[in-house]
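Participant: Contents are PDB, C-alpha atoms; file name target_2.pdb:
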```pdb
ATOM      1  CA  MET Z   6     -18.217  -7.240  13.223  1.00  0.00           C
ATOM      2  CA  ILE Z   7     -19.439 -10.431  11.594  1.00  0.00           C
ATOM      3  CA  ASP Z   8     -22.616 -12.477  11.715  1.00  0.00           C
ATOM      4  CA  ILE Z   9     -22.444 -16.246  11.456  1.00  0.00           C
ATOM      5  CA  ASN Z  10     -25.457 -18.429  10.770  1.00  0.00           C
ATOM      6  CA  VAL Z  11     -25.195 -22.215  10.857  1.00  0.00           C
ATOM      7  CA  SER Z  12     -27.860 -24.493   9.430  1.00  0.00           C
ATOM      8  CA  SER Z  13     -28.316 -27.940   7.945  1.00  0.00           C
ATOM      9  CA  VAL Z  14     -29.357 -28.091   4.285  1.00  0.00           C
ATOM     10  CA  ASP Z  15     -29.777 -31.450   2.587  1.00  0.00           C
ATOM     11  CA  ASN Z  16     -26.491 -33.294   3.082  1.00  0.00           C
ATOM     12  CA  ALA Z  17     -24.464 -30.230   3.977  1.00  0.00           C
ATOM     13  CA  THR Z  18     -23.787 -27.994   6.933  1.00  0.00           C
ATOM     14  CA  LEU Z  19     -24.218 -24.446   5.729  1.00  0.00           C
ATOM     15  CA  ILE Z  20     -22.226 -21.709   7.428  1.00  0.00           C
ATOM     16  CA  GLU Z  21     -23.194 -18.257   6.210  1.00  0.00           C
ATOM     17  CA  VAL Z  22     -20.885 -15.425   7.172  1.00  0.00           C
ATOM     18  CA  SER Z  23     -21.513 -11.762   6.644  1.00  0.00           C
ATOM     19  CA  GLY Z  24     -19.579  -8.637   7.524  1.00  0.00           C
ATOM     20  CA  ARG Z  25     -15.935  -7.702   7.599  1.00  0.00           C
ATOM     21  CA  VAL Z  26     -13.657 -10.667   8.398  1.00  0.00           C
ATOM     22  CA  ASP Z  27     -10.462  -9.238   9.872  1.00  0.00           C
ATOM     23  CA  SER Z  28      -7.806  -9.895  12.500  1.00  0.00           C
ATOM     24  CA  MET Z  29     -10.230  -8.850  15.214  1.00  0.00           C
ATOM     25  CA  ASN Z  30     -12.935 -11.404  14.487  1.00  0.00           C
ATOM     26  CA  ALA Z  31     -11.646 -14.041  12.040  1.00  0.00           C
ATOM     27  CA  ASN Z  32     -11.283 -16.439  14.968  1.00  0.00           C
ATOM     28  CA  GLU Z  33     -15.079 -16.380  15.375  1.00  0.00           C
ATOM     29  CA  MET Z  34     -15.450 -17.811  11.877  1.00  0.00           C
ATOM     30  CA  GLY Z  35     -12.725 -20.368  12.626  1.00  0.00           C
ATOM     31  CA  GLU Z  36     -14.399 -21.424  15.860  1.00  0.00           C
ATOM     32  CA  ALA Z  37     -17.721 -21.906  14.073  1.00  0.00           C
ATOM     33  CA  LEU Z  38     -16.058 -24.105  11.449  1.00  0.00           C
ATOM     34  CA  PHE Z  39     -14.099 -26.116  14.014  1.00  0.00           C
ATOM     35  CA  ALA Z  40     -17.197 -26.622  16.182  1.00  0.00           C
ATOM     36  CA  GLU Z  41     -19.082 -28.221  13.292  1.00  0.00           C
ATOM     37  CA  ILE Z  42     -16.163 -30.450  12.332  1.00  0.00           C
ATOM     38  CA  ASP Z  43     -15.788 -31.537  15.965  1.00  0.00           C
ATOM     39  CA  GLN Z  44     -19.454 -32.546  15.947  1.00  0.00           C
ATOM     40  CA  GLY Z  45     -18.879 -34.724  12.917  1.00  0.00           C
ATOM     41  CA  ASN Z  46     -20.451 -32.340  10.422  1.00  0.00           C
ATOM     42  CA  ILE Z  47     -17.799 -32.680   7.751  1.00  0.00           C
ATOM     43  CA  HIS Z  48     -19.655 -31.702   4.604  1.00  0.00           C
ATOM     44  CA  ILE Z  49     -19.435 -27.969   4.995  1.00  0.00           C
ATOM     45  CA  VAL Z  50     -20.459 -25.104   2.730  1.00  0.00           C
ATOM     46  CA  LEU Z  51     -19.020 -21.749   3.712  1.00  0.00           C
ATOM     47  CA  ASP Z  52     -21.198 -19.092   2.098  1.00  0.00           C
ATOM     48  CA  LEU Z  53     -19.306 -15.821   1.869  1.00  0.00           C
ATOM     49  CA  ALA Z  54     -21.894 -13.829  -0.080  1.00  0.00           C
ATOM     50  CA  GLY Z  55     -22.162 -11.311   2.734  1.00  0.00           C
ATOM     51  CA  VAL Z  56     -18.427 -10.841   3.225  1.00  0.00           C
ATOM     52  CA  GLU Z  57     -17.260  -7.662   1.534  1.00  0.00           C
ATOM     53  CA  TYR Z  58     -13.807  -7.736   3.082  1.00  0.00           C
ATOM     54  CA  MET Z  59     -11.468 -10.499   4.234  1.00  0.00           C
ATOM     55  CA  SER Z  60      -7.840 -10.105   5.277  1.00  0.00           C
ATOM     56  CA  SER Z  61      -5.203 -12.803   5.674  1.00  0.00           C
ATOM     57  CA  ALA Z  62      -6.605 -13.523   9.143  1.00  0.00           C
ATOM     58  CA  GLY Z  63      -9.722 -14.967   7.517  1.00  0.00           C
ATOM     59  CA  LEU Z  64      -7.661 -16.904   5.028  1.00  0.00           C
ATOM     60  CA  ARG Z  65      -5.679 -18.474   7.870  1.00  0.00           C
ATOM     61  CA  GLU Z  66      -8.874 -19.696   9.559  1.00  0.00           C
ATOM     62  CA  ILE Z  67     -10.168 -21.217   6.324  1.00  0.00           C
ATOM     63  CA  VAL Z  68      -6.871 -23.047   5.703  1.00  0.00           C
ATOM     64  CA  SER Z  69      -6.863 -24.417   9.269  1.00  0.00           C
ATOM     65  CA  ALA Z  70     -10.458 -25.607   8.997  1.00  0.00           C
ATOM     66  CA  LEU Z  71      -9.887 -27.094   5.554  1.00  0.00           C
ATOM     67  CA  LYS Z  72      -6.921 -29.110   6.826  1.00  0.00           C
ATOM     68  CA  LYS Z  73      -8.948 -30.339   9.800  1.00  0.00           C
ATOM     69  CA  VAL Z  74     -11.982 -31.352   7.750  1.00  0.00           C
ATOM     70  CA  LYS Z  75      -9.835 -33.081   5.102  1.00  0.00           C
ATOM     71  CA  ARG Z  76      -8.177 -35.148   7.829  1.00  0.00           C
ATOM     72  CA  ALA Z  77     -11.688 -36.208   8.844  1.00  0.00           C
ATOM     73  CA  SER Z  78     -12.379 -37.234   5.222  1.00  0.00           C
ATOM     74  CA  GLY Z  79     -14.764 -34.364   4.713  1.00  0.00           C
ATOM     75  CA  ASP Z  80     -14.594 -31.124   2.778  1.00  0.00           C
ATOM     76  CA  LEU Z  81     -15.156 -27.413   3.100  1.00  0.00           C
ATOM     77  CA  ARG Z  82     -16.532 -25.805  -0.035  1.00  0.00           C
ATOM     78  CA  VAL Z  83     -16.988 -22.105  -0.589  1.00  0.00           C
ATOM     79  CA  ALA Z  84     -20.011 -20.414  -2.123  1.00  0.00           C
ATOM     80  CA  GLN Z  85     -20.437 -16.921  -3.559  1.00  0.00           C
ATOM     81  CA  PRO Z  86     -17.187 -15.198  -2.645  1.00  0.00           C
ATOM     82  CA  SER Z  87     -17.047 -11.550  -3.693  1.00  0.00           C
ATOM     83  CA  ASP Z  88     -14.520 -10.533  -6.344  1.00  0.00           C
ATOM     84  CA  ARG Z  89     -12.198  -9.167  -3.667  1.00  0.00           C
ATOM     85  CA  VAL Z  90     -12.359 -12.292  -1.528  1.00  0.00           C
ATOM     86  CA  LEU Z  91     -11.877 -14.412  -4.648  1.00  0.00           C
ATOM     87  CA  GLU Z  92      -8.787 -12.353  -5.480  1.00  0.00           C
ATOM     88  CA  ILE Z  93      -7.351 -13.170  -2.038  1.00  0.00           C
ATOM     89  CA  PHE Z  94      -7.974 -16.866  -2.719  1.00  0.00           C
ATOM     90  CA  GLU Z  95      -6.321 -16.557  -6.140  1.00  0.00           C
ATOM     91  CA  MET Z  96      -3.231 -14.704  -4.921  1.00  0.00           C
ATOM     92  CA  SER Z  97      -2.665 -17.315  -2.225  1.00  0.00           C
ATOM     93  CA  GLY Z  98      -3.333 -20.218  -4.573  1.00  0.00           C
ATOM     94  CA  LEU Z  99      -6.214 -21.371  -2.443  1.00  0.00           C
ATOM     95  CA  ASP Z 100      -8.537 -21.224  -5.450  1.00  0.00           C
ATOM     96  CA  THR Z 101      -6.775 -24.329  -6.756  1.00  0.00           C
ATOM     97  CA  ILE Z 102      -7.330 -26.191  -3.476  1.00  0.00           C
ATOM     98  CA  LEU Z 103     -10.809 -25.065  -2.491  1.00  0.00           C
ATOM     99  CA  GLN Z 104     -13.894 -25.979  -4.438  1.00  0.00           C
ATOM    100  CA  ILE Z 105     -15.591 -22.662  -5.099  1.00  0.00           C
ATOM    101  CA  TYR Z 106     -19.170 -22.331  -6.352  1.00  0.00           C
ATOM    102  CA  ALA Z 107     -21.043 -19.381  -7.813  1.00  0.00           C
ATOM    103  CA  THR Z 108     -24.241 -20.190  -5.926  1.00  0.00           C
ATOM    104  CA  GLN Z 109     -25.224 -21.666  -2.598  1.00  0.00           C
ATOM    105  CA  VAL Z 110     -27.484 -24.212  -4.321  1.00  0.00           C
ATOM    106  CA  GLU Z 111     -24.588 -25.522  -6.395  1.00  0.00           C
ATOM    107  CA  ALA Z 112     -22.310 -25.757  -3.392  1.00  0.00           C
ATOM    108  CA  VAL Z 113     -24.863 -27.600  -1.252  1.00  0.00           C
ATOM    109  CA  GLY Z 114     -25.781 -29.834  -4.188  1.00  0.00           C
ATOM    110  CA  SER Z 115     -22.145 -30.830  -4.695  1.00  0.00           C
ATOM    111  CA  TYR Z 116     -22.318 -33.165  -1.680  1.00  0.00           C
TER     112      TYR Z 116
ATOM    113  CA  MET L   7       6.787  20.159  -4.201  1.00  0.00           C
ATOM    114  CA  GLY L   8       4.700  20.256  -1.033  1.00  0.00           C
ATOM    115  CA  PHE L   9       2.431  17.548   0.261  1.00  0.00           C
ATOM    116  CA  ILE L  10      -0.448  17.073   2.648  1.00  0.00           C
ATOM    117  CA  GLU L  11       0.401  15.091   5.777  1.00  0.00           C
ATOM    118  CA  LYS L  12      -2.035  13.638   8.301  1.00  0.00           C
ATOM    119  CA  LYS L  13      -1.218  11.586  11.392  1.00  0.00           C
ATOM    120  CA  LEU L  14      -3.021   9.202  13.722  1.00  0.00           C
ATOM    121  CA  ARG L  15      -1.826   7.393  16.853  1.00  0.00           C
ATOM    122  CA  ILE L  16      -3.667   4.276  18.004  1.00  0.00           C
ATOM    123  CA  PRO L  17      -3.156   2.009  21.022  1.00  0.00           C
ATOM    124  CA  ALA L  18      -1.581  -1.250  19.838  1.00  0.00           C
ATOM    125  CA  LYS L  19      -4.758  -3.300  20.176  1.00  0.00           C
ATOM    126  CA  LEU L  20      -6.482  -5.436  17.578  1.00  0.00           C
ATOM    127  CA  ASP L  21      -9.793  -3.695  18.154  1.00  0.00           C
ATOM    128  CA  ARG L  22      -8.247  -0.352  17.216  1.00  0.00           C
ATOM    129  CA  ILE L  23      -6.876  -1.422  13.833  1.00  0.00           C
ATOM    130  CA  GLU L  24     -10.143  -0.707  12.063  1.00  0.00           C
ATOM    131  CA  SER L  25      -9.901   2.953  13.111  1.00  0.00           C
ATOM    132  CA  ALA L  26      -6.441   3.107  11.494  1.00  0.00           C
ATOM    133  CA  CYS L  27      -7.840   1.546   8.322  1.00  0.00           C
ATOM    134  CA  GLU L  28     -10.745   4.007   8.263  1.00  0.00           C
ATOM    135  CA  PHE L  29      -8.336   6.910   8.780  1.00  0.00           C
ATOM    136  CA  VAL L  30      -6.117   5.849   5.886  1.00  0.00           C
ATOM    137  CA  GLY L  31      -9.102   5.003   3.711  1.00  0.00           C
ATOM    138  CA  GLY L  32     -10.528   8.470   4.345  1.00  0.00           C
ATOM    139  CA  VAL L  33      -7.284  10.186   3.378  1.00  0.00           C
ATOM    140  CA  ALA L  34      -7.010   8.002   0.278  1.00  0.00           C
ATOM    141  CA  ARG L  35     -10.562   8.901  -0.789  1.00  0.00           C
ATOM    142  CA  GLU L  36      -9.906  12.607  -0.190  1.00  0.00           C
ATOM    143  CA  ALA L  37      -6.808  12.280  -2.350  1.00  0.00           C
ATOM    144  CA  GLY L  38      -8.961  11.040  -5.205  1.00  0.00           C
ATOM    145  CA  MET L  39      -7.759   7.438  -5.198  1.00  0.00           C
ATOM    146  CA  SER L  40      -9.914   4.809  -6.923  1.00  0.00           C
ATOM    147  CA  ASP L  41     -12.114   2.453  -4.911  1.00  0.00           C
ATOM    148  CA  ASP L  42      -9.689  -0.399  -5.594  1.00  0.00           C
ATOM    149  CA  ALA L  43      -6.717   1.696  -4.456  1.00  0.00           C
ATOM    150  CA  VAL L  44      -8.543   2.694  -1.256  1.00  0.00           C
ATOM    151  CA  TYR L  45      -9.294  -0.974  -0.581  1.00  0.00           C
ATOM    152  CA  HIS L  46      -5.661  -1.944  -1.182  1.00  0.00           C
ATOM    153  CA  CYS L  47      -4.489   0.719   1.283  1.00  0.00           C
ATOM    154  CA  TYR L  48      -7.119  -0.352   3.815  1.00  0.00           C
ATOM    155  CA  LEU L  49      -6.160  -4.025   3.695  1.00  0.00           C
ATOM    156  CA  SER L  50      -2.430  -3.265   3.757  1.00  0.00           C
ATOM    157  CA  VAL L  51      -2.787  -1.133   6.893  1.00  0.00           C
ATOM    158  CA  GLU L  52      -4.662  -3.952   8.606  1.00  0.00           C
ATOM    159  CA  GLU L  53      -2.032  -6.512   7.666  1.00  0.00           C
ATOM    160  CA  ILE L  54       0.924  -4.434   8.845  1.00  0.00           C
ATOM    161  CA  CYS L  55      -0.713  -3.281  12.092  1.00  0.00           C
ATOM    162  CA  THR L  56      -1.779  -6.852  12.879  1.00  0.00           C
ATOM    163  CA  ASN L  57       1.790  -8.071  12.364  1.00  0.00           C
ATOM    164  CA  ILE L  58       3.138  -5.367  14.680  1.00  0.00           C
ATOM    165  CA  ILE L  59       0.692  -6.264  17.459  1.00  0.00           C
ATOM    166  CA  GLU L  60       1.153 -10.032  17.071  1.00  0.00           C
ATOM    167  CA  HIS L  61       4.848 -10.367  16.296  1.00  0.00           C
ATOM    168  CA  GLY L  62       6.349  -7.032  17.325  1.00  0.00           C
ATOM    169  CA  TYR L  63       4.556  -6.325  20.580  1.00  0.00           C
ATOM    170  CA  HIS L  64       3.504  -9.960  21.226  1.00  0.00           C
ATOM    171  CA  TYR L  65       0.124  -8.646  22.395  1.00  0.00           C
ATOM    172  CA  HIS L  66       1.827  -6.845  25.322  1.00  0.00           C
ATOM    173  CA  ASN L  67      -0.126  -3.825  24.308  1.00  0.00           C
ATOM    174  CA  GLY L  68      -0.762  -2.036  27.578  1.00  0.00           C
ATOM    175  CA  ASP L  69       0.977   1.217  26.749  1.00  0.00           C
ATOM    176  CA  LYS L  70       2.268   0.490  23.239  1.00  0.00           C
ATOM    177  CA  VAL L  71       1.189   2.585  20.301  1.00  0.00           C
ATOM    178  CA  ILE L  72       1.279   2.540  16.528  1.00  0.00           C
ATOM    179  CA  ASP L  73       1.657   5.792  14.615  1.00  0.00           C
ATOM    180  CA  ILE L  74       0.239   6.141  11.125  1.00  0.00           C
ATOM    181  CA  VAL L  75       1.362   8.959   8.877  1.00  0.00           C
ATOM    182  CA  CYS L  76      -0.328   9.600   5.532  1.00  0.00           C
ATOM    183  CA  ARG L  77       1.283  11.791   2.930  1.00  0.00           C
ATOM    184  CA  VAL L  78      -0.585  12.764  -0.189  1.00  0.00           C
ATOM    185  CA  VAL L  79       2.130  13.130  -2.817  1.00  0.00           C
ATOM    186  CA  SER L  80       1.915  13.782  -6.519  1.00  0.00           C
ATOM    187  CA  ALA L  81       2.201  10.070  -7.347  1.00  0.00           C
ATOM    188  CA  GLY L  82      -0.486   8.999  -4.896  1.00  0.00           C
ATOM    189  CA  LEU L  83      -0.501   8.152  -1.193  1.00  0.00           C
ATOM    190  CA  GLN L  84       2.368   7.272   1.120  1.00  0.00           C
ATOM    191  CA  ILE L  85       1.464   5.486   4.347  1.00  0.00           C
ATOM    192  CA  ILE L  86       4.148   5.230   7.016  1.00  0.00           C
ATOM    193  CA  ILE L  87       3.470   2.884   9.914  1.00  0.00           C
ATOM    194  CA  ILE L  88       5.729   3.400  12.920  1.00  0.00           C
ATOM    195  CA  ASP L  89       6.164   1.214  15.995  1.00  0.00           C
ATOM    196  CA  ASP L  90       8.490   0.760  18.955  1.00  0.00           C
ATOM    197  CA  ALA L  91       9.007  -2.999  18.764  1.00  0.00           C
ATOM    198  CA  ALA L  92      12.398  -4.607  18.173  1.00  0.00           C
ATOM    199  CA  PRO L  93      13.896  -3.840  14.762  1.00  0.00           C
ATOM    200  CA  PHE L  94      12.123  -5.937  12.157  1.00  0.00           C
ATOM    201  CA  ASN L  95      12.014  -5.583   8.403  1.00  0.00           C
ATOM    202  CA  PRO L  96       8.913  -7.340   7.002  1.00  0.00           C
ATOM    203  CA  LEU L  97      10.430  -7.182   3.527  1.00  0.00           C
ATOM    204  CA  ARG L  98      13.005  -9.752   4.581  1.00  0.00           C
ATOM    205  CA  LEU L  99      10.339 -12.378   5.167  1.00  0.00           C
ATOM    206  CA  ASP L 100      10.289 -15.181   2.644  1.00  0.00           C
ATOM    207  CA  ASP L 101       7.132 -15.171   0.566  1.00  0.00           C
ATOM    208  CA  PRO L 102       4.764 -18.070   1.201  1.00  0.00           C
ATOM    209  CA  ASP L 103       4.321 -20.437  -1.737  1.00  0.00           C
ATOM    210  CA  PRO L 104       0.936 -20.145  -3.511  1.00  0.00           C
ATOM    211  CA  SER L 105       1.530 -23.563  -5.085  1.00  0.00           C
ATOM    212  CA  ALA L 106       2.145 -25.346  -1.757  1.00  0.00           C
ATOM    213  CA  PRO L 107      -0.095 -28.355  -1.067  1.00  0.00           C
ATOM    214  CA  LEU L 108      -2.734 -27.792   1.587  1.00  0.00           C
ATOM    215  CA  MET L 109      -1.144 -29.921   4.292  1.00  0.00           C
ATOM    216  CA  GLU L 110       2.180 -28.078   3.946  1.00  0.00           C
ATOM    217  CA  ARG L 111       0.602 -24.695   4.514  1.00  0.00           C
ATOM    218  CA  GLU L 112       1.280 -23.096   7.870  1.00  0.00           C
ATOM    219  CA  GLY L 113      -1.351 -20.423   7.401  1.00  0.00           C
ATOM    220  CA  GLY L 114       0.823 -17.391   8.167  1.00  0.00           C
ATOM    221  CA  GLY L 115       2.877 -15.028   6.055  1.00  0.00           C
ATOM    222  CA  TRP L 116       0.149 -14.051   3.622  1.00  0.00           C
ATOM    223  CA  GLY L 117      -0.429 -10.600   5.042  1.00  0.00           C
ATOM    224  CA  VAL L 118       2.905  -9.123   3.958  1.00  0.00           C
ATOM    225  CA  PHE L 119       2.596 -11.063   0.689  1.00  0.00           C
ATOM    226  CA  PHE L 120      -0.702  -9.296  -0.071  1.00  0.00           C
ATOM    227  CA  VAL L 121       0.841  -5.934   0.848  1.00  0.00           C
ATOM    228  CA  LYS L 122       3.640  -6.596  -1.646  1.00  0.00           C
ATOM    229  CA  LYS L 123       1.067  -7.406  -4.315  1.00  0.00           C
ATOM    230  CA  TYR L 124      -1.248  -4.479  -3.628  1.00  0.00           C
ATOM    231  CA  MET L 125       1.161  -1.613  -2.995  1.00  0.00           C
ATOM    232  CA  ASP L 126       3.451   0.026  -5.553  1.00  0.00           C
ATOM    233  CA  ARG L 127       6.460   0.832  -3.398  1.00  0.00           C
ATOM    234  CA  LEU L 128       7.634  -0.437  -0.015  1.00  0.00           C
ATOM    235  CA  ASP L 129      10.486   0.688   2.183  1.00  0.00           C
ATOM    236  CA  TYR L 130      11.669  -0.191   5.686  1.00  0.00           C
ATOM    237  CA  ARG L 131      13.900   1.914   7.919  1.00  0.00           C
ATOM    238  CA  PHE L 132      14.838   1.869  11.606  1.00  0.00           C
ATOM    239  CA  ILE L 133      14.986   5.512  12.677  1.00  0.00           C
ATOM    240  CA  ASN L 134      15.375   6.858  16.233  1.00  0.00           C
ATOM    241  CA  ASN L 135      14.779   3.384  17.690  1.00  0.00           C
ATOM    242  CA  ARG L 136      11.486   3.006  15.848  1.00  0.00           C
ATOM    243  CA  ASN L 137      10.450   0.789  12.929  1.00  0.00           C
ATOM    244  CA  HIS L 138       9.246   2.837   9.952  1.00  0.00           C
ATOM    245  CA  PHE L 139       7.433   0.859   7.266  1.00  0.00           C
ATOM    246  CA  MET L 140       6.496   2.942   4.230  1.00  0.00           C
ATOM    247  CA  MET L 141       3.930   1.845   1.643  1.00  0.00           C
ATOM    248  CA  GLN L 142       3.075   3.867  -1.429  1.00  0.00           C
ATOM    249  CA  LYS L 143      -0.015   3.422  -3.545  1.00  0.00           C
ATOM    250  CA  ASN L 144       0.046   5.240  -6.829  1.00  0.00           C
ATOM    251  CA  LYS L 145      -3.019   6.817  -8.336  1.00  0.00           C
ATOM    252  CA  ALA L 146      -4.367   4.478 -10.977  1.00  0.00           C
TER     253      ALA L 146
END
```
As a first step, turn the structure in this file into structure tokens.
Facilitator:
Amino acid sequence: MIDINVSSVDNATLIEVSGRVDSMNANEMGEALFAEIDQGNIHIVLDLAGVEYMSSAGLREIVSALKKVKRASGDLRVAQPSDRVLEIFEMSGLDTILQIYATQVEAVGSY
Amino acid sequence: MGFIEKKLRIPAKLDRIESACEFVGGVAREAGMSDDAVYHCYLSVEEICTNIIEHGYHYHNGDKVIDIVCRVVSAGLQIIIIDDAAPFNPLRLDDPDPSAPLMEREGGGWGVFFVKKYMDRLDYRFINNRNHFMMQKNKA
């Protein structure tokens, strides 16, 4: 089960996710990201501080959303991934594509 | 040398995968595996079960099942995941490319890739018309 909270902070759209992102619910995170992009909110911060577990299903949603937002000339930046989520990003090479920040303030301030 | 064996059967539904992960995680903890090893087993079970439901059973999961067998052996934990889908060896899949540019990424294929990274030994066999995928995680 995951919780998703969407808010507007300064120039960014902040999407905070918490819980276990797996094949059962990763689409909920993807739908939240896509909904914001569709509304023209293309400066997105995805805060993963509350995500203790993410499988490849979550990775797939992030890649899809990142491609969509890049096509719209925006960006999706990640804040506060746990060590395990960061390891998933590193193994897949996504850490070289995503901008990843240690804090939410830094991520929001990057826009 | 003997070994402890525990089994679980789940309906082939996405919302039942977590129970398979919890089952394997519990056996791994009882076997004295490290927290990292338990996590690697947990994630690997999710990835393989998800692939079976999506690509093996194509979500036609009405009466399909997945069997999970855990064997605590001297080296660590063996997890055998058994299904009735068409013969398919995940180890024959090409690995996705971690250096691929964003726009060339299809998004899939990472699950088995992570399993290959996290587990110490993998083996696939088709026995009695069932796929048997064995993963072994050694004690750290």
Participant: What is the atom CA of Z:Glu41 to atom CA of Z:Thr18 distance in Å?
Facilitator: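 Computing the Euclidean distance for atom CA of Z:Glu41 and atom CA of Z:Thr18 yields 7.9 Å.
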Participant: Do a neighbour search on Z:Val11 at 10 Å with only C-alpha atoms, toss out local chain neighbours closer than 6 positions, and write the hits as an mmCIF file with C-alpha atoms, in the frame of the given file.
Facilitator:
```
data_model
loop_
_atom_site.group_PDB
_atom_site.id
_atom_site.type_symbol
_atom_site.label_atom_id
_atom_site.label_comp_id
_atom_site.auth_asym_id
_atom_site.auth_seq_id
_atom_site.Cartn_x
_atom_site.Cartn_y
_atom_site.Cartn_z
ATOM 1 C CA THR Z 18 -23.787 -27.994 6.933
ATOM 2 C CA LEU Z 19 -24.218 -24.446 5.729
ATOM 3 C CA ILE Z 20 -22.226 -21.709 7.428
ATOM 4 C CA GLU Z 21 -23.194 -18.257 6.210
ATOM 5 C CA VAL Z 22 -20.885 -15.425 7.172
ATOM 6 C CA ALA Z 37 -17.721 -21.906 14.073
ATOM 7 C CA LEU Z 38 -16.058 -24.105 11.449
ATOM 8 C CA GLU Z 41 -19.082 -28.221 13.292
ATOM 9 C CA VAL Z 50 -20.459 -25.104 2.730
ATOM 10 C CA LEU Z 51 -19.020 -21.749 3.712
#
```
Participant: Taking the point (-12.5, -11.8, 13.9) as given in the file, collect each protein or nucleic acid residue that comes within 12 Å of it, counting all atoms listed in the file, and present the set as a PyMOL selection string.
Facilitator: (chain Z and resi 6-9+22-37+58-66) or (chain L and resi 20-21+23-24+56)
Participant: Go through Z:Phe39, Z:Ser13, Z:Val113, Z:Ile105 and flag the residue nearest Z:Gln85, using all atoms listed in the file for the distances.
Facilitator: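 Selected residue with least distance to Z:Gln85: Z:Ile105.
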Participant: Quick check on the file I pasted: which residues fall under the PyMOL selection byres ((chain L) within 10 of (chain Z))? Write them as a ChimeraX atom specification.
Facilitator: /L:19-24,42,45,48-50,52-53,55-57,102-120,123
Participant: Just write the chosen residues, C-alpha atoms, as a PDB file, in the coordinates of the input.
Facilitator:
```
ATOM      1  CA  LYS L  19      -4.758  -3.300  20.176  1.00  0.00           C
ATOM      2  CA  LEU L  20      -6.482  -5.436  17.578  1.00  0.00           C
ATOM      3  CA  ASP L  21      -9.793  -3.695  18.154  1.00  0.00           C
ATOM      4  CA  ARG L  22      -8.247  -0.352  17.216  1.00  0.00           C
ATOM      5  CA  ILE L  23      -6.876  -1.422  13.833  1.00  0.00           C
ATOM      6  CA  GLU L  24     -10.143  -0.707  12.063  1.00  0.00           C
ATOM      7  CA  ASP L  42      -9.689  -0.399  -5.594  1.00  0.00           C
ATOM      8  CA  TYR L  45      -9.294  -0.974  -0.581  1.00  0.00           C
ATOM      9  CA  TYR L  48      -7.119  -0.352   3.815  1.00  0.00           C
ATOM     10  CA  LEU L  49      -6.160  -4.025   3.695  1.00  0.00           C
ATOM     11  CA  SER L  50      -2.430  -3.265   3.757  1.00  0.00           C
ATOM     12  CA  GLU L  52      -4.662  -3.952   8.606  1.00  0.00           C
ATOM     13  CA  GLU L  53      -2.032  -6.512   7.666  1.00  0.00           C
ATOM     14  CA  CYS L  55      -0.713  -3.281  12.092  1.00  0.00           C
ATOM     15  CA  THR L  56      -1.779  -6.852  12.879  1.00  0.00           C
ATOM     16  CA  ASN L  57       1.790  -8.071  12.364  1.00  0.00           C
ATOM     17  CA  PRO L 102       4.764 -18.070   1.201  1.00  0.00           C
ATOM     18  CA  ASP L 103       4.321 -20.437  -1.737  1.00  0.00           C
ATOM     19  CA  PRO L 104       0.936 -20.145  -3.511  1.00  0.00           C
ATOM     20  CA  SER L 105       1.530 -23.563  -5.085  1.00  0.00           C
ATOM     21  CA  ALA L 106       2.145 -25.346  -1.757  1.00  0.00           C
ATOM     22  CA  PRO L 107      -0.095 -28.355  -1.067  1.00  0.00           C
ATOM     23  CA  LEU L 108      -2.734 -27.792   1.587  1.00  0.00           C
ATOM     24  CA  MET L 109      -1.144 -29.921   4.292  1.00  0.00           C
ATOM     25  CA  GLU L 110       2.180 -28.078   3.946  1.00  0.00           C
ATOM     26  CA  ARG L 111       0.602 -24.695   4.514  1.00  0.00           C
ATOM     27  CA  GLU L 112       1.280 -23.096   7.870  1.00  0.00           C
ATOM     28  CA  GLY L 113      -1.351 -20.423   7.401  1.00  0.00           C
ATOM     29  CA  GLY L 114       0.823 -17.391   8.167  1.00  0.00           C
ATOM     30  CA  GLY L 115       2.877 -15.028   6.055  1.00  0.00           C
ATOM     31  CA  TRP L 116       0.149 -14.051   3.622  1.00  0.00           C
ATOM     32  CA  GLY L 117      -0.429 -10.600   5.042  1.00  0.00           C
ATOM     33  CA  VAL L 118       2.905  -9.123   3.958  1.00  0.00           C
ATOM     34  CA  PHE L 119       2.596 -11.063   0.689  1.00  0.00           C
ATOM     35  CA  PHE L 120      -0.702  -9.296  -0.071  1.00  0.00           C
ATOM     36  CA  LYS L 123       1.067  -7.406  -4.315  1.00  0.00           C
TER      37      LYS L 123
END
```
Participant: What is the distance, in Å and to one decimal place, between atom CA of L:Leu97 and atom CA of L:Lys122?
Facilitator: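 Atom-to-atom, atom CA of L:Leu97 and atom CA of L:Lys122 are spaced 8.6 Å apart.
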Participant: Could you state which residues are captured by the PyMOL selection byres ((chain L and resi 34) around 9) in this file, as a PyMOL selection string?
Facilitator: chain L and resi 29-33+35-40+43-44+47+76+78+82-83
Participant: To one decimal place, how far is atom CA of Z:Val110 from atom CA of Z:Arg82 in Å?
Facilitator: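 So the answer is 11.9 Å.
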Participant: So what does the PyMOL selection byres ((chain L and resi 136-143) around 6) actually pick up in this one, as a VMD selection string?
Facilitator: chain L and resid 82 to 90 125 to 135 144
Participant: Those same residues - C-alpha atoms - I'd like them written as a compact mmCIF listing (two decimals), keeping the file's coordinate frame.
Facilitator:
```
# COMPACT_ATOMS: atom_id res chain seq x y z
CA GLY L 82 -0.49 9.00 -4.90
CA LEU L 83 -0.50 8.15 -1.19
CA GLN L 84 2.37 7.27 1.12
CA ILE L 85 1.46 5.49 4.35
CA ILE L 86 4.15 5.23 7.02
CA ILE L 87 3.47 2.88 9.91
CA ILE L 88 5.73 3.40 12.92
CA ASP L 89 6.16 1.21 16.00
CA ASP L 90 8.49 0.76 18.95
CA MET L 125 1.16 -1.61 -3.00
CA ASP L 126 3.45 0.03 -5.55
CA ARG L 127 6.46 0.83 -3.40
CA LEU L 128 7.63 -0.44 -0.02
CA ASP L 129 10.49 0.69 2.18
CA TYR L 130 11.67 -0.19 5.69
CA ARG L 131 13.90 1.91 7.92
CA PHE L 132 14.84 1.87 11.61
CA ILE L 133 14.99 5.51 12.68
CA ASN L 134 15.38 6.86 16.23
CA ASN L 135 14.78 3.38 17.69
CA ASN L 144 0.05 5.24 -6.83
```
